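**Q** My questions all concern the structure below.
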Amino acid sequence: MSFRLFISHQNLFCARILPAVILACLIAPLACVAQGYTSARLADGFDIPVGKPNGGGYYVYRGFSPHGHLGEDWNGNGGGNSDEGDPVYSTAHGVVVFSEDYRKGWGNVVIIRHAYRENNGQIAFVDSLYGHLKVRSVRVGQQVSRGQMVGTIGCGPYRMYAAHLHFEIRKDLRVGMRRELYPRSYTTYHSPRTFIGARRQLRLEDRLVRVPINTFLKSNPNRVLTSAVEVPELSTEGATIRPVVPDELNSVIEEETMIESATPEKTKSIFDKLFNRK
């Protein structure tokens with residue numbers, strides 16, 4: 001192969017193939033978190049998440065309302081911040097599907113997925129959300145038991161609120177932290193105390209069941225328009241160039257894009273090796 005022909009193939013690779021390879025690498029992490037399954041103990045009942053098991057010493061300051069407040073705010077009877085640091089418990093057996101300092105208006109949030117048997121004999125699923133926590137004491141993928149401590153009551157991010165627990169129960173397992181994408185109604189949410197009151201004690205089966213996971217992400221990639229990704233002109237010189245991506249996609253791959261900055265040295269390209277460049 002002549003030197004001129006080699007350079008021509010090099011330019012073709014940079015102009016047509018390399019952008020597609022880089023784009024595939026950026027999109028690949030989304031495929032790695034496709035819906036899967038784990039196991040969790042079948043719930044034998046549901047409890048109030050504070051003052052276990054019946055909410056003793058606490059009251060609902062703000063209740064659930066469709067198209068309004070989509071959960072319940074639980075406060076200690078002492079008022080103010082007297083309940084800050086009090087324990088928060090899992091409402092039932094389940095598996096942790098989210099545990100993160102989400103900031104924004106949420107602060108520390110834990111979401112637990114529960115499997116339970118309905119009156120018709122069918123196994124159903126719900127997510128319970130615990131928001132504005134001071135600390136989180138569980139991690140994603142962890143199996144938790146009914147009444148197990150999952151965190152403590154906090155004041156939200158930057159101490160935005162008086163101490164309280166924001167508590168939700170969701171029917172729709174896709175919601176995660178993207179409530180704006182789903183109906184703010186009973187099609188998506190349960191009224192927490194109504195749901196718990198009807199299921200305080202369920203038949204004890206003491207067995208594991210299959211539970212779906214990875215049904216949501218922070219940026220909900222099912223809604224990302226990958227056609228909006230623009231690939232800039234590439235060069236074989238200087239630092240590695242990454243395509244400009246939408247904010248939604250960026251939030252999903254932010255950890256992957258930090259890998260390069262943590263690498264101590266730039267790896268030689270195949271062309272540097274061929275020409276023995278230093």
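Quick note on naming: the chains in the structure tokens go A, B, ... in the order shown, residues restart at 1 in each chain, and ligands are numbered from 1 in order of appearance.
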For Pro212 (chain A), find every residue with an atom within 9 Å (counting only C-alpha atoms), except residues of its own chain fewer than 5 positions away, and show them as a ChimeraX atom specification.
**A** /A:35-39,113,125,173
**Q** Which residues are close to Val50 (chain A), i.e. within 8 Å by only C-alpha atoms, leaving aside same-chain residues fewer than 4 positions away? Reply as a PyMOL selection string.
**A** chain A and resi 54-56+58+74+87-89
**Q** Restricting it to C-alpha atoms, dump the selection as a PDB file, in the first residue's frame.
**A**
```pdb
ATOM      1  CA  ASN A  54     -48.273   2.560  63.388  1.00  0.00           C
ATOM      2  CA  GLY A  55     -46.789   6.074  63.219  1.00  0.00           C
ATOM      3  CA  GLY A  56     -46.828   6.695  66.973  1.00  0.00           C
ATOM      4  CA  TYR A  58     -46.014  11.484  64.280  1.00  0.00           C
ATOM      5  CA  TRP A  74     -44.831  13.126  58.134  1.00  0.00           C
ATOM      6  CA  PRO A  87     -35.215   6.951  62.044  1.00  0.00           C
ATOM      7  CA  VAL A  88     -37.142   6.199  58.859  1.00  0.00           C
ATOM      8  CA  TYR A  89     -38.139   2.592  58.221  1.00  0.00           C
TER       9      TYR A  89
END
```
**Q** Can you pull out the residues contacting Val96 (chain A)? Cut-off 7 Å, using only C-alpha atoms, and skip same-chain residues under 2 positions away; I want them as a PyMOL selection string.
**A** chain A and resi 94+98+111-113+139-143
**Q** Take the residues that were just selected and, keeping N, CA and C atoms, output them as a PDB file, in the first residue's frame.
**A**
```
ATOM      1  N   GLY A  94     -38.528  -5.580  50.682  1.00  0.00           N
ATOM      2  CA  GLY A  94     -38.326  -5.149  49.304  1.00  0.00           C
ATOM      3  C   GLY A  94     -36.862  -5.079  48.942  1.00  0.00           C
ATOM      4  N   PHE A  98     -33.164   2.777  44.300  1.00  0.00           N
ATOM      5  CA  PHE A  98     -32.579   4.121  44.161  1.00  0.00           C
ATOM      6  C   PHE A  98     -32.135   4.574  45.540  1.00  0.00           C
ATOM      7  N   ILE A 111     -35.591   4.863  47.230  1.00  0.00           N
ATOM      8  CA  ILE A 111     -36.780   4.239  46.658  1.00  0.00           C
ATOM      9  C   ILE A 111     -36.634   2.730  46.813  1.00  0.00           C
ATOM     10  N   ILE A 112     -37.671   2.100  47.351  1.00  0.00           N
ATOM     11  CA  ILE A 112     -37.665   0.652  47.573  1.00  0.00           C
ATOM     12  C   ILE A 112     -38.816   0.034  46.784  1.00  0.00           C
ATOM     13  N   ARG A 113     -38.524  -1.071  46.117  1.00  0.00           N
ATOM     14  CA  ARG A 113     -39.541  -1.778  45.328  1.00  0.00           C
ATOM     15  C   ARG A 113     -40.052  -2.976  46.131  1.00  0.00           C
ATOM     16  N   ARG A 139     -28.177   0.916  50.283  1.00  0.00           N
ATOM     17  CA  ARG A 139     -27.584   1.118  48.951  1.00  0.00           C
ATOM     18  C   ARG A 139     -28.430   0.409  47.895  1.00  0.00           C
ATOM     19  N   VAL A 140     -28.235   0.792  46.646  1.00  0.00           N
ATOM     20  CA  VAL A 140     -28.974   0.193  45.535  1.00  0.00           C
ATOM     21  C   VAL A 140     -28.680  -1.302  45.468  1.00  0.00           C
ATOM     22  N   GLY A 141     -29.714  -2.083  45.278  1.00  0.00           N
ATOM     23  CA  GLY A 141     -29.581  -3.532  45.178  1.00  0.00           C
ATOM     24  C   GLY A 141     -29.697  -4.255  46.500  1.00  0.00           C
ATOM     25  N   GLN A 142     -29.737  -3.511  47.598  1.00  0.00           N
ATOM     26  CA  GLN A 142     -29.795  -4.139  48.921  1.00  0.00           C
ATOM     27  C   GLN A 142     -31.196  -4.651  49.226  1.00  0.00           C
ATOM     28  N   GLN A 143     -31.276  -5.856  49.771  1.00  0.00           N
ATOM     29  CA  GLN A 143     -32.538  -6.406  50.230  1.00  0.00           C
ATOM     30  C   GLN A 143     -32.846  -5.814  51.606  1.00  0.00           C
TER      31      GLN A 143
END
```
**Q** Identify, with DSSP run on backbone atoms, the residues in region 150-206 of chain A assigned to strand (DSSP E or B), and express the list as a ChimeraX atom specification.
**A** /A:150-154,164-170,189-190
**Q** Output N, CA and C atoms for every residue in that selection, as a PDB file, in the first residue's frame.
**A**
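Result saved to again_25.pdb:
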```pdb
ATOM      1  N   VAL A 150     -33.883   2.795  56.938  1.00  0.00           N
ATOM      2  CA  VAL A 150     -33.332   3.116  55.622  1.00  0.00           C
ATOM      3  C   VAL A 150     -32.688   4.499  55.592  1.00  0.00           C
ATOM      4  N   GLY A 151     -32.877   5.286  56.667  1.00  0.00           N
ATOM      5  CA  GLY A 151     -32.299   6.627  56.729  1.00  0.00           C
ATOM      6  C   GLY A 151     -32.872   7.364  57.928  1.00  0.00           C
ATOM      7  N   THR A 152     -32.648   8.679  57.939  1.00  0.00           N
ATOM      8  CA  THR A 152     -33.175   9.497  59.032  1.00  0.00           C
ATOM      9  C   THR A 152     -33.846  10.739  58.465  1.00  0.00           C
ATOM     10  N   ILE A 153     -34.762  11.297  59.221  1.00  0.00           N
ATOM     11  CA  ILE A 153     -35.508  12.484  58.793  1.00  0.00           C
ATOM     12  C   ILE A 153     -34.563  13.685  58.685  1.00  0.00           C
ATOM     13  N   GLY A 154     -34.698  14.429  57.583  1.00  0.00           N
ATOM     14  CA  GLY A 154     -33.866  15.602  57.364  1.00  0.00           C
ATOM     15  C   GLY A 154     -34.678  16.817  56.962  1.00  0.00           C
ATOM     16  N   HIS A 164     -38.918  16.891  58.044  1.00  0.00           N
ATOM     17  CA  HIS A 164     -40.073  16.020  57.844  1.00  0.00           C
ATOM     18  C   HIS A 164     -39.688  14.927  56.861  1.00  0.00           C
ATOM     19  N   LEU A 165     -40.505  13.891  56.792  1.00  0.00           N
ATOM     20  CA  LEU A 165     -40.328  12.836  55.793  1.00  0.00           C
ATOM     21  C   LEU A 165     -41.369  13.011  54.701  1.00  0.00           C
ATOM     22  N   HIS A 166     -40.911  13.103  53.449  1.00  0.00           N
ATOM     23  CA  HIS A 166     -41.829  13.066  52.314  1.00  0.00           C
ATOM     24  C   HIS A 166     -41.909  11.617  51.855  1.00  0.00           C
ATOM     25  N   PHE A 167     -43.115  11.060  51.845  1.00  0.00           N
ATOM     26  CA  PHE A 167     -43.318   9.632  51.602  1.00  0.00           C
ATOM     27  C   PHE A 167     -44.331   9.433  50.477  1.00  0.00           C
ATOM     28  N   GLU A 168     -43.947   8.625  49.495  1.00  0.00           N
ATOM     29  CA  GLU A 168     -44.833   8.328  48.367  1.00  0.00           C
ATOM     30  C   GLU A 168     -44.923   6.830  48.153  1.00  0.00           C
ATOM     31  N   ILE A 169     -46.033   6.397  47.562  1.00  0.00           N
ATOM     32  CA  ILE A 169     -46.167   5.026  47.066  1.00  0.00           C
ATOM     33  C   ILE A 169     -46.661   5.108  45.633  1.00  0.00           C
ATOM     34  N   ARG A 170     -45.872   4.516  44.721  1.00  0.00           N
ATOM     35  CA  ARG A 170     -46.170   4.607  43.290  1.00  0.00           C
ATOM     36  C   ARG A 170     -46.617   3.252  42.726  1.00  0.00           C
ATOM     37  N   TYR A 189     -50.076   6.893  41.206  1.00  0.00           N
ATOM     38  CA  TYR A 189     -49.798   6.908  42.644  1.00  0.00           C
ATOM     39  C   TYR A 189     -50.923   6.282  43.456  1.00  0.00           C
ATOM     40  N   HIS A 190     -50.541   5.774  44.623  1.00  0.00           N
ATOM     41  CA  HIS A 190     -51.496   5.405  45.659  1.00  0.00           C
ATOM     42  C   HIS A 190     -51.505   6.508  46.710  1.00  0.00           C
TER      43      HIS A 190
END
```
